[in-house]
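Enquirer: Got a structure for you, upload-v4.txt, holding compact mmCIF, C-alpha atoms (C1' of nucleotides).
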# COMPACT_ATOMS: atom_id res chain seq x y z
CA MET A 20 87.15 101.14 84.63
CA TYR A 21 89.71 102.06 87.24
CA LEU A 22 89.26 101.14 90.87
CA TYR A 23 91.57 103.85 92.14
CA CYS A 24 91.47 107.49 91.19
CA VAL A 25 95.01 108.36 90.26
CA ASN A 26 96.46 111.84 90.35
CA ILE A 27 99.83 111.89 88.62
CA VAL A 28 100.98 115.05 90.37
CA GLU A 29 100.01 113.86 93.85
CA ILE A 30 101.53 110.41 93.45
CA SER A 31 104.65 111.90 91.86
CA LYS A 32 105.08 114.06 94.96
CA VAL A 33 105.12 110.91 97.07
CA LEU A 34 107.54 109.21 94.68
CA SER A 35 109.83 112.25 94.54
CA ASN A 36 111.50 111.17 97.80
CA GLN A 37 114.12 108.42 97.81
CA THR A 38 113.19 107.05 101.23
CA ARG A 39 109.55 106.64 100.27
CA VAL A 40 110.51 104.89 97.05
CA ASP A 41 112.88 102.69 99.08
CA ILE A 42 110.11 101.77 101.51
CA LEU A 43 107.89 100.73 98.62
CA GLY A 44 110.74 98.57 97.36
CA TRP A 45 111.49 96.97 100.75
CA LEU A 46 107.83 96.06 101.17
CA LYS A 47 108.04 93.99 97.99
CA ASP A 48 110.00 91.37 99.94
CA PRO A 49 109.61 91.78 103.72
CA GLU A 50 111.30 88.43 104.47
CA ALA A 51 114.45 89.63 102.73
CA ASN A 52 114.43 93.15 104.14
CA PHE A 53 113.14 92.92 107.71
CA PRO A 54 113.58 90.72 110.79
CA PRO A 55 110.65 88.49 111.75
CA HIS A 56 107.93 90.03 113.85
CA GLN A 57 107.67 89.02 117.50
CA GLU A 58 103.93 88.84 117.96
CA ILE A 59 103.04 87.35 114.58
CA ASP A 60 105.05 84.95 112.44
CA HIS A 61 104.16 86.34 109.02
CA PHE A 62 104.18 89.50 106.89
CA ASP A 63 100.66 89.02 105.53
CA ASP A 64 99.69 92.54 106.57
CA GLY A 65 103.11 93.96 105.86
CA VAL A 66 105.72 95.39 108.21
CA CYS A 67 105.40 97.35 111.44
CA VAL A 68 106.40 101.02 111.56
CA GLY A 69 109.29 100.43 113.94
CA PHE A 70 111.06 98.05 111.56
CA ILE A 71 110.64 100.43 108.65
CA GLN A 72 111.98 103.22 110.83
CA ASP A 73 115.08 101.19 111.78
CA LYS A 74 115.72 100.28 108.15
CA ALA A 75 115.34 103.84 106.89
CA GLY A 76 117.35 105.42 109.71
CA LEU A 77 114.98 108.35 110.10
CA SER A 78 112.92 109.42 113.09
CA GLN A 79 109.69 107.76 114.16
CA SER A 80 107.62 110.85 113.37
CA THR A 81 109.16 111.22 109.93
CA ILE A 82 108.49 107.61 108.97
CA SER A 83 104.98 107.78 110.34
CA THR A 84 104.38 110.92 108.27
CA TYR A 85 105.85 109.25 105.17
CA LEU A 86 103.69 106.18 105.57
CA ASN A 87 100.65 108.38 106.04
CA SER A 88 101.39 110.27 102.84
CA MET A 89 101.84 106.98 100.99
CA GLN A 90 98.55 105.72 102.37
CA GLN A 91 96.74 108.88 101.34
CA VAL A 92 97.45 108.12 97.68
CA ASN A 93 96.68 104.42 98.18
CA LEU A 94 100.20 103.13 97.65
CA VAL A 95 100.09 101.22 100.96
CA ILE A 96 97.45 99.70 103.24
CA PRO A 97 97.71 99.94 107.05
CA THR A 98 96.42 97.23 109.37
CA ARG A 99 96.34 97.56 113.13
CA HIS A 100 97.14 94.54 115.29
CA GLY A 101 97.23 95.44 118.96
CA LYS A 102 99.88 98.06 119.58
CA TRP A 103 101.33 97.75 116.11
CA THR A 104 100.35 99.15 112.73
CA TYR A 105 101.54 97.07 109.80
CA TYR A 106 101.91 98.53 106.34
CA LYS A 107 101.78 96.53 103.14
CA ARG A 108 101.84 97.49 99.48
CA ASN A 109 98.54 98.15 97.75
CA GLU A 110 99.39 96.12 94.66
CA LYS A 111 96.18 96.90 92.82
CA ALA A 112 96.57 100.64 93.24
CA ILE A 113 100.26 100.47 92.34
CA ARG A 114 99.45 98.55 89.15
CA ALA A 115 96.65 100.98 88.37
CA TYR A 116 99.00 103.91 88.78
CA ALA A 117 101.71 102.40 86.59
CA GLU A 118 99.17 101.61 83.90
CA GLN A 119 97.45 104.98 83.97
CA LEU A 120 100.75 106.82 83.99
CA GLY A 121 101.71 104.88 80.87
CA ASN A 122 98.45 106.00 79.25
CA ALA A 123 98.60 109.59 80.47
CA LEU A 124 102.21 110.39 79.68
CA MET B 18 118.43 97.11 77.35
CA TYR B 19 117.22 100.61 78.08
CA LEU B 20 118.34 103.57 76.02
CA TYR B 21 117.62 106.07 78.76
CA CYS B 22 118.80 105.89 82.35
CA VAL B 23 115.70 106.49 84.42
CA ASN B 24 115.72 107.81 87.95
CA ILE B 25 112.26 107.47 89.48
CA VAL B 26 112.88 110.11 92.13
CA GLU B 27 114.29 112.68 89.70
CA ILE B 28 111.56 112.20 87.11
CA SER B 29 108.89 112.17 89.81
CA LYS B 30 110.15 115.58 90.94
CA VAL B 31 109.55 116.89 87.44
CA LEU B 32 106.12 115.25 87.28
CA SER B 33 105.14 116.55 90.73
CA ASN B 34 104.16 119.92 89.22
CA GLN B 35 100.82 120.34 87.44
CA THR B 36 102.09 122.84 84.89
CA ARG B 37 104.92 120.56 83.78
CA VAL B 38 102.53 117.63 83.45
CA ASP B 39 100.18 119.92 81.49
CA ILE B 40 102.98 120.95 79.14
CA LEU B 41 103.78 117.31 78.45
CA GLY B 42 100.09 116.76 77.68
CA TRP B 43 99.78 119.80 75.41
CA LEU B 44 102.81 118.69 73.41
CA LYS B 45 100.98 115.46 72.57
CA ASP B 46 98.82 117.43 70.17
CA PRO B 47 100.35 120.81 69.25
CA GLU B 48 97.82 121.44 66.44
CA ALA B 49 94.98 121.22 68.96
CA ASN B 50 96.67 123.20 71.73
CA PHE B 51 98.71 125.95 70.07
CA PRO B 52 98.33 128.47 67.25
CA PRO B 53 100.37 127.87 64.09
CA HIS B 54 103.94 129.10 64.08
CA GLN B 55 104.76 132.12 61.97
CA GLU B 56 108.16 131.18 60.62
CA ILE B 57 107.49 127.49 60.01
CA ASP B 58 104.24 125.79 59.09
CA HIS B 59 104.63 122.61 61.14
CA PHE B 60 105.18 121.30 64.67
CA ASP B 61 107.77 118.69 63.67
CA ASP B 62 110.21 119.98 66.28
CA GLY B 63 107.51 120.83 68.77
CA VAL B 64 106.35 124.20 70.05
CA CYS B 65 108.24 127.43 70.74
CA VAL B 66 108.73 128.60 74.32
CA GLY B 67 106.57 131.71 73.88
CA PHE B 68 103.48 129.70 72.95
CA ILE B 69 103.95 127.37 75.89
CA GLN B 70 104.37 130.39 78.14
CA ASP B 71 101.14 131.98 76.87
CA LYS B 72 99.23 128.72 77.35
CA ALA B 73 100.56 128.14 80.86
CA GLY B 74 100.13 131.74 81.99
CA LEU B 75 103.42 131.83 83.87
CA SER B 76 106.46 134.02 83.34
CA GLN B 77 109.01 133.48 80.59
CA SER B 78 111.77 132.64 83.04
CA THR B 79 109.61 130.12 84.87
CA ILE B 80 108.60 128.30 81.70
CA SER B 81 112.16 128.30 80.44
CA THR B 82 113.28 126.83 83.77
CA TYR B 83 110.51 124.20 83.64
CA LEU B 84 111.42 123.18 80.09
CA ASN B 85 115.04 122.95 81.10
CA SER B 86 114.21 120.65 84.03
CA MET B 87 112.10 118.49 81.74
CA GLN B 88 114.93 118.31 79.23
CA GLN B 89 117.43 117.35 81.94
CA VAL B 90 115.50 114.12 82.56
CA ASN B 91 114.97 113.58 78.82
CA LEU B 92 111.22 114.12 78.78
CA VAL B 93 111.53 116.72 76.01
CA ILE B 94 113.94 117.55 73.18
CA PRO B 95 114.83 121.15 72.30
CA THR B 96 115.61 122.27 68.75
CA ARG B 97 116.80 125.74 67.85
CA HIS B 98 115.54 127.40 64.67
CA GLY B 99 116.73 130.97 64.36
CA LYS B 100 115.55 133.00 67.32
CA TRP B 101 113.23 130.28 68.53
CA THR B 102 113.71 127.13 70.57
CA TYR B 103 111.12 124.48 69.91
CA TYR B 104 110.39 121.74 72.42
CA LYS B 105 108.90 118.38 71.54
CA ARG B 106 108.20 115.27 73.56
CA ASN B 107 110.90 112.63 73.78
CA GLU B 108 108.56 109.72 73.10
CA LYS B 109 111.21 107.03 73.47
CA ALA B 110 112.32 108.29 76.86
CA ILE B 111 108.75 108.77 78.01
CA ARG B 112 107.88 105.19 77.01
CA ALA B 113 111.05 103.92 78.67
CA TYR B 114 110.15 105.72 81.88
CA ALA B 115 106.58 104.44 81.94
CA GLU B 116 107.80 100.91 81.32
CA GLN B 117 110.59 101.00 83.89
CA LEU B 118 108.34 102.59 86.48
CA GLY B 119 105.92 99.72 85.96
CA ASN B 120 108.75 97.27 86.57
CA ALA B 121 110.28 99.16 89.51
CA LEU B 122 107.16 99.91 91.50
C1' DA C 19 94.04 102.38 137.28
C1' DA C 20 98.80 103.14 136.34
C1' DA C 21 102.74 102.17 133.61
C1' DA C 22 104.76 100.86 129.36
C1' DC C 23 104.89 100.74 124.56
C1' DA C 24 103.83 101.62 119.43
C1' DT C 25 102.21 104.85 116.48
C1' DA C 26 100.07 109.37 115.20
C1' DT C 27 99.92 114.22 115.34
C1' DC C 28 101.61 118.93 116.45
C1' DT C 29 105.15 122.41 116.11
C1' DA C 30 108.96 124.51 114.31
C1' DA C 31 113.50 125.03 112.06
C1' DA C 32 116.26 123.79 107.93
C1' DT C 33 116.13 122.87 103.23
C1' DT C 34 114.16 122.79 98.72
C1' DT C 35 111.02 124.30 95.20
C1' DC C 36 108.42 127.89 92.96
C1' DT C 37 108.21 131.93 90.60
C1' DA C 38 109.15 136.42 88.64
C1' DG C 39 112.08 140.46 87.66
C1' DA C 40 116.51 141.68 85.98
C1' DT C 41 120.09 140.63 83.11
C1' DA C 42 122.77 137.92 79.69
C1' DT C 43 123.13 135.47 75.35
C1' DG C 44 122.16 134.31 70.73
C1' DT C 45 119.94 135.41 66.36
C1' DA C 46 117.75 138.29 62.93
C1' DA C 47 116.33 142.68 61.11
C1' DA C 48 117.01 147.54 60.20
C1' DT D 6 126.44 147.74 63.80
C1' DT D 7 122.72 149.14 66.28
C1' DT D 8 118.21 147.56 67.42
C1' DA D 9 114.82 144.27 68.31
C1' DC D 10 113.38 139.92 69.68
C1' DA D 11 113.31 134.99 71.72
C1' DT D 12 115.17 132.34 75.10
C1' DA D 13 118.41 131.30 78.96
C1' DT D 14 120.39 132.30 83.28
C1' DC D 15 120.95 134.86 87.66
C1' DT D 16 119.02 136.53 91.96
C1' DA D 17 115.92 136.64 95.53
C1' DG D 18 111.59 136.42 98.13
C1' DA D 19 107.43 133.39 98.81
C1' DA D 20 105.71 128.89 99.42
C1' DA D 21 106.15 123.99 100.15
C1' DT D 22 108.70 120.00 101.79
C1' DT D 23 111.70 117.70 105.02
C1' DT D 24 112.68 116.24 109.36
C1' DA D 25 112.92 115.70 114.35
C1' DG D 26 111.48 116.68 119.12
C1' DA D 27 107.52 117.07 121.98
C1' DT D 28 103.15 115.58 122.90
C1' DA D 29 98.80 112.97 122.19
C1' DT D 30 96.30 108.71 121.35
C1' DG D 31 95.37 103.96 121.50
C1' DT D 32 96.55 99.38 123.22
C1' DT D 33 98.43 96.08 126.37
C1' DT D 34 100.39 94.76 130.65
C1' DT D 35 100.92 95.06 135.53
Could you express the structure from this file as structure tokens?

Expert:
Amino acid sequence: MYLYCVNIVEISKVLSNQTRVDILGWLKDPEANFPPHQEIDHFDDGVCVGFIQDKAGLSQSTISTYLNSMQQVNLVIPTRHGKWTYYKRNEKAIRAYAEQLGNAL
Amino acid sequence: MYLYCVNIVEISKVLSNQTRVDILGWLKDPEANFPPHQEIDHFDDGVCVGFIQDKAGLSQSTISTYLNSMQQVNLVIPTRHGKWTYYKRNEKAIRAYAEQLGNAL
DNA sequence: AAAACATATCTAAATTTCTAGATATGTAAA
DNA sequence: TTTACATATCTAGAAATTTAGATATGTTTT
């Protein structure tokens, strides 16, 4: 039984962009890839949009759109804290996708 | 050590199209998905382009282009026999990709 | 309540992908 | 050695993606 419904084509569309794949990689180790947050002293809910934007070097709207597309296929989980939205990896869904892709291909 | 150099973004581009994913699926079981070949009585080298075209319902040039893009990232292997080109799955490369994607994601 | 700030959404232009028709190439048959 | 046939490649218009600027929304601060 799978928790997440995986669509290879839809997830592949998300993974067919280098920046989005990079973001997923950076979120594996926020301490190593991002400065510490001001308001909170941890990365338990991931990284705020602004930091991801700075790291990627693309516009705010583009990164927001990217993160939204990643969230739509469950690759990341957003959490709002005050003015900020933090994004973290959805490890279960990522594992489920990797496993199901291995079975489907 | 990996035999095939895998680029997640490039392979994801190929897998971001339903027809190409379908073709990869059909080639898992040619006997079940295609009529028997006229000139040869086996699917050892895969399936000819014409049969794949008929099954997909897209034009000859489109299917040929799709198969070429799949071959470029090593998902399939072409073999020429007379007038026909047969395409089969590259199982080793497909396994390598599934495994490396699991590690990379 | 207004101002400031972070993020989301809307809009549109540039780029890429999709797809088929036309044509080229390679092989076999007449 | 034409002719026919299977596949590959070229060309181009349609459709989708990429990306940023403008604007909207939600939250906090003043």

Enquirer: Edge lengths and centre, in Å to one decimal, as JSON: that's what I need for the box along x, y and z that holds all listed atoms of range 31-36 of chain C plus 3 Å on each side.

Expert:
{"center_x": 112.3, "center_y": 125.3, "center_z": 102.5, "size_x": 13.8, "size_y": 11.1, "size_z": 25.1}

Enquirer: Determine, using only C-alpha atoms (C1' of nucleotides), which residues of chain D have any atom at most 12 Å from an atom of chain A, and tabulate each with its shortest atom pair and distance in Å to one decimal place, rows ordered by chain and then rising number, as a tab-separated table.

Expert:
residue	atom	partner	partner_atom	distance
D:DA21	C1'	A:Lys32	CA	11.3
D:DT22	C1'	A:Lys32	CA	9.7
D:DT23	C1'	A:Thr81	CA	8.5
D:DT24	C1'	A:Thr81	CA	6.2
D:DA25	C1'	A:Ser78	CA	6.4
D:DG26	C1'	A:Ser80	CA	9.1
D:DA27	C1'	A:Ser80	CA	10.6
D:DT28	C1'	A:Ser80	CA	11.5
D:DT30	C1'	A:Lys102	CA	11.4
D:DG31	C1'	A:Lys102	CA	7.7
D:DT32	C1'	A:Lys102	CA	5.1
D:DT33	C1'	A:Lys102	CA	7.2
D:DT34	C1'	A:Lys102	CA	11.6

Enquirer: All in-order C-alpha pairs, least squares, chain A moved onto chain B. Output the fitted coordinates as a compact mmCIF listing (two decimals) with C-alpha atoms, in the coordinates of the input, please.

Expert:
# COMPACT_ATOMS: atom_id res chain seq x y z
CA MET A 20 118.51 97.13 77.32
CA TYR A 21 117.29 100.61 78.07
CA LEU A 22 118.34 103.58 75.99
CA TYR A 23 117.63 106.11 78.71
CA CYS A 24 118.80 105.92 82.29
CA VAL A 25 115.72 106.52 84.36
CA ASN A 26 115.74 107.82 87.90
CA ILE A 27 112.29 107.47 89.43
CA VAL A 28 112.91 110.10 92.09
CA GLU A 29 114.28 112.69 89.66
CA ILE A 30 111.56 112.19 87.08
CA SER A 31 108.90 112.17 89.80
CA LYS A 32 110.16 115.57 90.93
CA VAL A 33 109.54 116.89 87.43
CA LEU A 34 106.11 115.25 87.30
CA SER A 35 105.15 116.55 90.75
CA ASN A 36 104.16 119.92 89.23
CA GLN A 37 100.83 120.33 87.47
CA THR A 38 102.09 122.84 84.91
CA ARG A 39 104.91 120.57 83.81
CA VAL A 40 102.53 117.64 83.48
CA ASP A 41 100.17 119.91 81.52
CA ILE A 42 102.96 120.94 79.16
CA LEU A 43 103.76 117.30 78.48
CA GLY A 44 100.08 116.76 77.70
CA TRP A 45 99.76 119.81 75.42
CA LEU A 46 102.79 118.69 73.43
CA LYS A 47 100.97 115.46 72.59
CA ASP A 48 98.80 117.43 70.16
CA PRO A 49 100.33 120.81 69.26
CA GLU A 50 97.80 121.45 66.46
CA ALA A 51 94.97 121.24 68.97
CA ASN A 52 96.67 123.21 71.73
CA PHE A 53 98.70 125.95 70.06
CA PRO A 54 98.35 128.48 67.23
CA PRO A 55 100.39 127.86 64.08
CA HIS A 56 103.95 129.09 64.07
CA GLN A 57 104.81 132.12 61.96
CA GLU A 58 108.19 131.15 60.60
CA ILE A 59 107.51 127.46 60.04
CA ASP A 60 104.26 125.76 59.08
CA HIS A 61 104.62 122.60 61.15
CA PHE A 62 105.18 121.29 64.68
CA ASP A 63 107.76 118.68 63.67
CA ASP A 64 110.21 119.97 66.28
CA GLY A 65 107.49 120.84 68.75
CA VAL A 66 106.34 124.21 70.06
CA CYS A 67 108.23 127.42 70.75
CA VAL A 68 108.73 128.61 74.33
CA GLY A 69 106.59 131.71 73.88
CA PHE A 70 103.49 129.71 72.95
CA ILE A 71 103.95 127.38 75.89
CA GLN A 72 104.38 130.40 78.13
CA ASP A 73 101.14 131.99 76.86
CA LYS A 74 99.24 128.73 77.34
CA ALA A 75 100.54 128.15 80.85
CA GLY A 76 100.11 131.75 81.99
CA LEU A 77 103.40 131.83 83.86
CA SER A 78 106.44 134.02 83.33
CA GLN A 79 108.99 133.50 80.59
CA SER A 80 111.75 132.64 83.05
CA THR A 81 109.58 130.13 84.88
CA ILE A 82 108.59 128.30 81.71
CA SER A 83 112.14 128.32 80.45
CA THR A 84 113.26 126.83 83.78
CA TYR A 85 110.50 124.21 83.63
CA LEU A 86 111.40 123.19 80.11
CA ASN A 87 115.03 122.95 81.11
CA SER A 88 114.20 120.67 84.02
CA MET A 89 112.08 118.50 81.72
CA GLN A 90 114.92 118.32 79.23
CA GLN A 91 117.41 117.35 81.91
CA VAL A 92 115.50 114.12 82.54
CA ASN A 93 114.96 113.57 78.81
CA LEU A 94 111.21 114.11 78.79
CA VAL A 95 111.51 116.71 76.00
CA ILE A 96 113.92 117.53 73.18
CA PRO A 97 114.82 121.14 72.30
CA THR A 98 115.60 122.26 68.76
CA ARG A 99 116.82 125.72 67.88
CA HIS A 100 115.59 127.38 64.69
CA GLY A 101 116.85 130.94 64.40
CA LYS A 102 115.63 132.98 67.34
CA TRP A 103 113.27 130.28 68.53
CA THR A 104 113.74 127.12 70.57
CA TYR A 105 111.11 124.47 69.92
CA TYR A 106 110.37 121.74 72.42
CA LYS A 107 108.88 118.38 71.55
CA ARG A 108 108.18 115.26 73.56
CA ASN A 109 110.88 112.62 73.77
CA GLU A 110 108.53 109.71 73.11
CA LYS A 111 111.17 107.03 73.49
CA ALA A 112 112.31 108.29 76.86
CA ILE A 113 108.72 108.77 78.03
CA ARG A 114 107.86 105.19 77.04
CA ALA A 115 111.03 103.94 78.70
CA TYR A 116 110.13 105.74 81.89
CA ALA A 117 106.57 104.43 81.96
CA GLU A 118 107.80 100.91 81.35
CA GLN A 119 110.59 101.01 83.91
CA LEU A 120 108.34 102.59 86.51
CA GLY A 121 105.92 99.71 85.97
CA ASN A 122 108.79 97.27 86.57
CA ALA A 123 110.31 99.14 89.50
CA LEU A 124 107.18 99.89 91.49

Enquirer: Mind listing as a PyMOL selection string all residues within 12 Å of (108.9, 106.5, 99.3), counting all atoms listed in the file?

Expert: (chain A and resi 30-46+71+75+81-90+92+94-95+108) or (chain B and resi 25-26+29+122)

Enquirer: Residues as selected, C-alpha atoms, written as a PDB file, keeping the file's coordinate frame, can you do that?

Expert:
ATOM      1  CA  ILE A  30     101.530 110.410  93.450  1.00  0.00           C
ATOM      2  CA  SER A  31     104.650 111.900  91.860  1.00  0.00           C
ATOM      3  CA  LYS A  32     105.080 114.060  94.960  1.00  0.00           C
ATOM      4  CA  VAL A  33     105.120 110.910  97.070  1.00  0.00           C
ATOM      5  CA  LEU A  34     107.540 109.210  94.680  1.00  0.00           C
ATOM      6  CA  SER A  35     109.830 112.250  94.540  1.00  0.00           C
ATOM      7  CA  ASN A  36     111.500 111.170  97.800  1.00  0.00           C
ATOM      8  CA  GLN A  37     114.120 108.420  97.810  1.00  0.00           C
ATOM      9  CA  THR A  38     113.190 107.050 101.230  1.00  0.00           C
ATOM     10  CA  ARG A  39     109.550 106.640 100.270  1.00  0.00           C
ATOM     11  CA  VAL A  40     110.510 104.890  97.050  1.00  0.00           C
ATOM     12  CA  ASP A  41     112.880 102.690  99.080  1.00  0.00           C
ATOM     13  CA  ILE A  42     110.110 101.770 101.510  1.00  0.00           C
ATOM     14  CA  LEU A  43     107.890 100.730  98.620  1.00  0.00           C
ATOM     15  CA  GLY A  44     110.740  98.570  97.360  1.00  0.00           C
ATOM     16  CA  TRP A  45     111.490  96.970 100.750  1.00  0.00           C
ATOM     17  CA  LEU A  46     107.830  96.060 101.170  1.00  0.00           C
ATOM     18  CA  ILE A  71     110.640 100.430 108.650  1.00  0.00           C
ATOM     19  CA  ALA A  75     115.340 103.840 106.890  1.00  0.00           C
ATOM     20  CA  THR A  81     109.160 111.220 109.930  1.00  0.00           C
ATOM     21  CA  ILE A  82     108.490 107.610 108.970  1.00  0.00           C
ATOM     22  CA  SER A  83     104.980 107.780 110.340  1.00  0.00           C
ATOM     23  CA  THR A  84     104.380 110.920 108.270  1.00  0.00           C
ATOM     24  CA  TYR A  85     105.850 109.250 105.170  1.00  0.00           C
ATOM     25  CA  LEU A  86     103.690 106.180 105.570  1.00  0.00           C
ATOM     26  CA  ASN A  87     100.650 108.380 106.040  1.00  0.00           C
ATOM     27  CA  SER A  88     101.390 110.270 102.840  1.00  0.00           C
ATOM     28  CA  MET A  89     101.840 106.980 100.990  1.00  0.00           C
ATOM     29  CA  GLN A  90      98.550 105.720 102.370  1.00  0.00           C
ATOM     30  CA  VAL A  92      97.450 108.120  97.680  1.00  0.00           C
ATOM     31  CA  LEU A  94     100.200 103.130  97.650  1.00  0.00           C
ATOM     32  CA  VAL A  95     100.090 101.220 100.960  1.00  0.00           C
ATOM     33  CA  ARG A 108     101.840  97.490  99.480  1.00  0.00           C
TER      34      ARG A 108
ATOM     35  CA  ILE B  25     112.260 107.470  89.480  1.00  0.00           C
ATOM     36  CA  VAL B  26     112.880 110.110  92.130  1.00  0.00           C
ATOM     37  CA  SER B  29     108.890 112.170  89.810  1.00  0.00           C
ATOM     38  CA  LEU B 122     107.160  99.910  91.500  1.00  0.00           C
TER      39      LEU B 122
END

Enquirer: Using CA of Gln89 in chain B and CA of Tyr104 in chain B as the two end points, give the distance in Å to one decimal.

Expert: 12.6 Å

Enquirer: Select, as a ChimeraX atom specification, those residues of chain C with any atom no more than 7 Å from chain B (distances computed using only C-alpha atoms (C1' of nucleotides)).

Expert: /C:37-38,45

Enquirer: Between A:Gln72, A:Asn109, A:Asn52, A:Thr104, which residue has the minimum interatomic distance to chain B, considering all atoms listed in the file?

Expert: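 Of A:Gln72, A:Asn109, A:Asn52, A:Thr104, the one nearest chain B is A:Asn109, counting all atoms listed in the file.
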
Enquirer: For the point (118.2, 137.4, 84.8) in the file's frame, write as a PyMOL selection string all residues with an atom no more than 10 Å away, counting all atoms listed in the file.

Expert: (chain B and resi 78) or (chain C and resi 38-42) or (chain D and resi 13-16)

Enquirer: Rank nothing, just name the residue among A:Lys107, A:Gly65, A:Pro54, A:Asn26 nearest to chain B, using only C-alpha atoms.

Expert: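 So, comparing all the options, the nearest one is A:Asn26.
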
Enquirer: I'd like the interatomic distance between CA of Tyr105 in chain A and CA of Asp64 in chain A, to a tenth of an Å.

Expert: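 We find that CA of Tyr105 in chain A and CA of Asp64 in chain A lie 5.9 Å from each other.
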
Enquirer: In terms of the shortest atom-to-atom distance over all atoms listed in the file, which of B:Asp58, B:Lys45, B:Arg97, B:Val64 is closest to chain A?

Expert: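 For chain A, the nearest of the given residues is B:Lys45.
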
Enquirer: To one decimal place in Å, what is the distance between CA of Gly67 in chain B and CA of Pro47 in chain B?

Expert: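 Between CA of Gly67 in chain B and CA of Pro47 in chain B the gap is 13.4 Å.
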
Enquirer: For chain A, which of B:Ala113, B:Asp61, B:Pro95, B:Glu27 is the closest residue, counting all atoms listed in the file?

Expert: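 Between B:Ala113, B:Asp61, B:Pro95, B:Glu27, the residue approaching chain A most closely is B:Glu27.
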
Enquirer: Taking the partial coordinates given, rebuild range 38-54 of chain B to contain N, CA and C atoms; return it as a compact mmCIF listing (two decimals), in the frame of the given file.

Expert:
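As a result, part-v2.txt now contains:
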# COMPACT_ATOMS: atom_id res chain seq x y z
N VAL B 38 103.32 118.75 83.99
CA VAL B 38 102.53 117.63 83.45
C VAL B 38 101.61 118.14 82.34
N ASP B 39 101.04 119.32 82.53
CA ASP B 39 100.18 119.92 81.49
C ASP B 39 100.96 120.12 80.19
N ILE B 40 102.16 120.69 80.33
CA ILE B 40 102.98 120.95 79.14
C ILE B 40 103.21 119.65 78.37
N LEU B 41 103.56 118.61 79.09
CA LEU B 41 103.78 117.31 78.45
C LEU B 41 102.51 116.86 77.72
N GLY B 42 101.36 117.12 78.31
CA GLY B 42 100.09 116.76 77.68
C GLY B 42 99.81 117.61 76.44
N TRP B 43 100.03 118.91 76.56
CA TRP B 43 99.78 119.80 75.41
C TRP B 43 100.65 119.41 74.22
N LEU B 44 101.87 119.01 74.50
CA LEU B 44 102.81 118.69 73.41
C LEU B 44 102.43 117.39 72.69
N LYS B 45 101.47 116.65 73.27
CA LYS B 45 100.98 115.46 72.57
C LYS B 45 100.27 115.84 71.28
N ASP B 46 99.61 116.99 71.32
CA ASP B 46 98.82 117.43 70.17
C ASP B 46 98.96 118.93 69.97
N PRO B 47 100.09 119.38 69.42
CA PRO B 47 100.35 120.81 69.25
C PRO B 47 99.29 121.49 68.39
N GLU B 48 98.83 120.83 67.32
CA GLU B 48 97.82 121.44 66.44
C GLU B 48 96.58 121.83 67.24
N ALA B 49 96.20 120.97 68.19
CA ALA B 49 94.98 121.22 68.96
C ALA B 49 95.19 122.25 70.06
N ASN B 50 96.43 122.39 70.53
CA ASN B 50 96.67 123.20 71.73
C ASN B 50 97.39 124.52 71.51
N PHE B 51 97.94 124.72 70.31
CA PHE B 51 98.71 125.95 70.07
C PHE B 51 98.36 126.54 68.71
N PRO B 52 98.53 127.86 68.57
CA PRO B 52 98.33 128.47 67.25
C PRO B 52 99.47 128.07 66.32
N PRO B 53 99.29 128.23 65.01
CA PRO B 53 100.37 127.87 64.09
C PRO B 53 101.56 128.81 64.24
N HIS B 54 102.74 128.27 64.03
CA HIS B 54 103.94 129.10 64.08
C HIS B 54 103.99 130.03 62.87
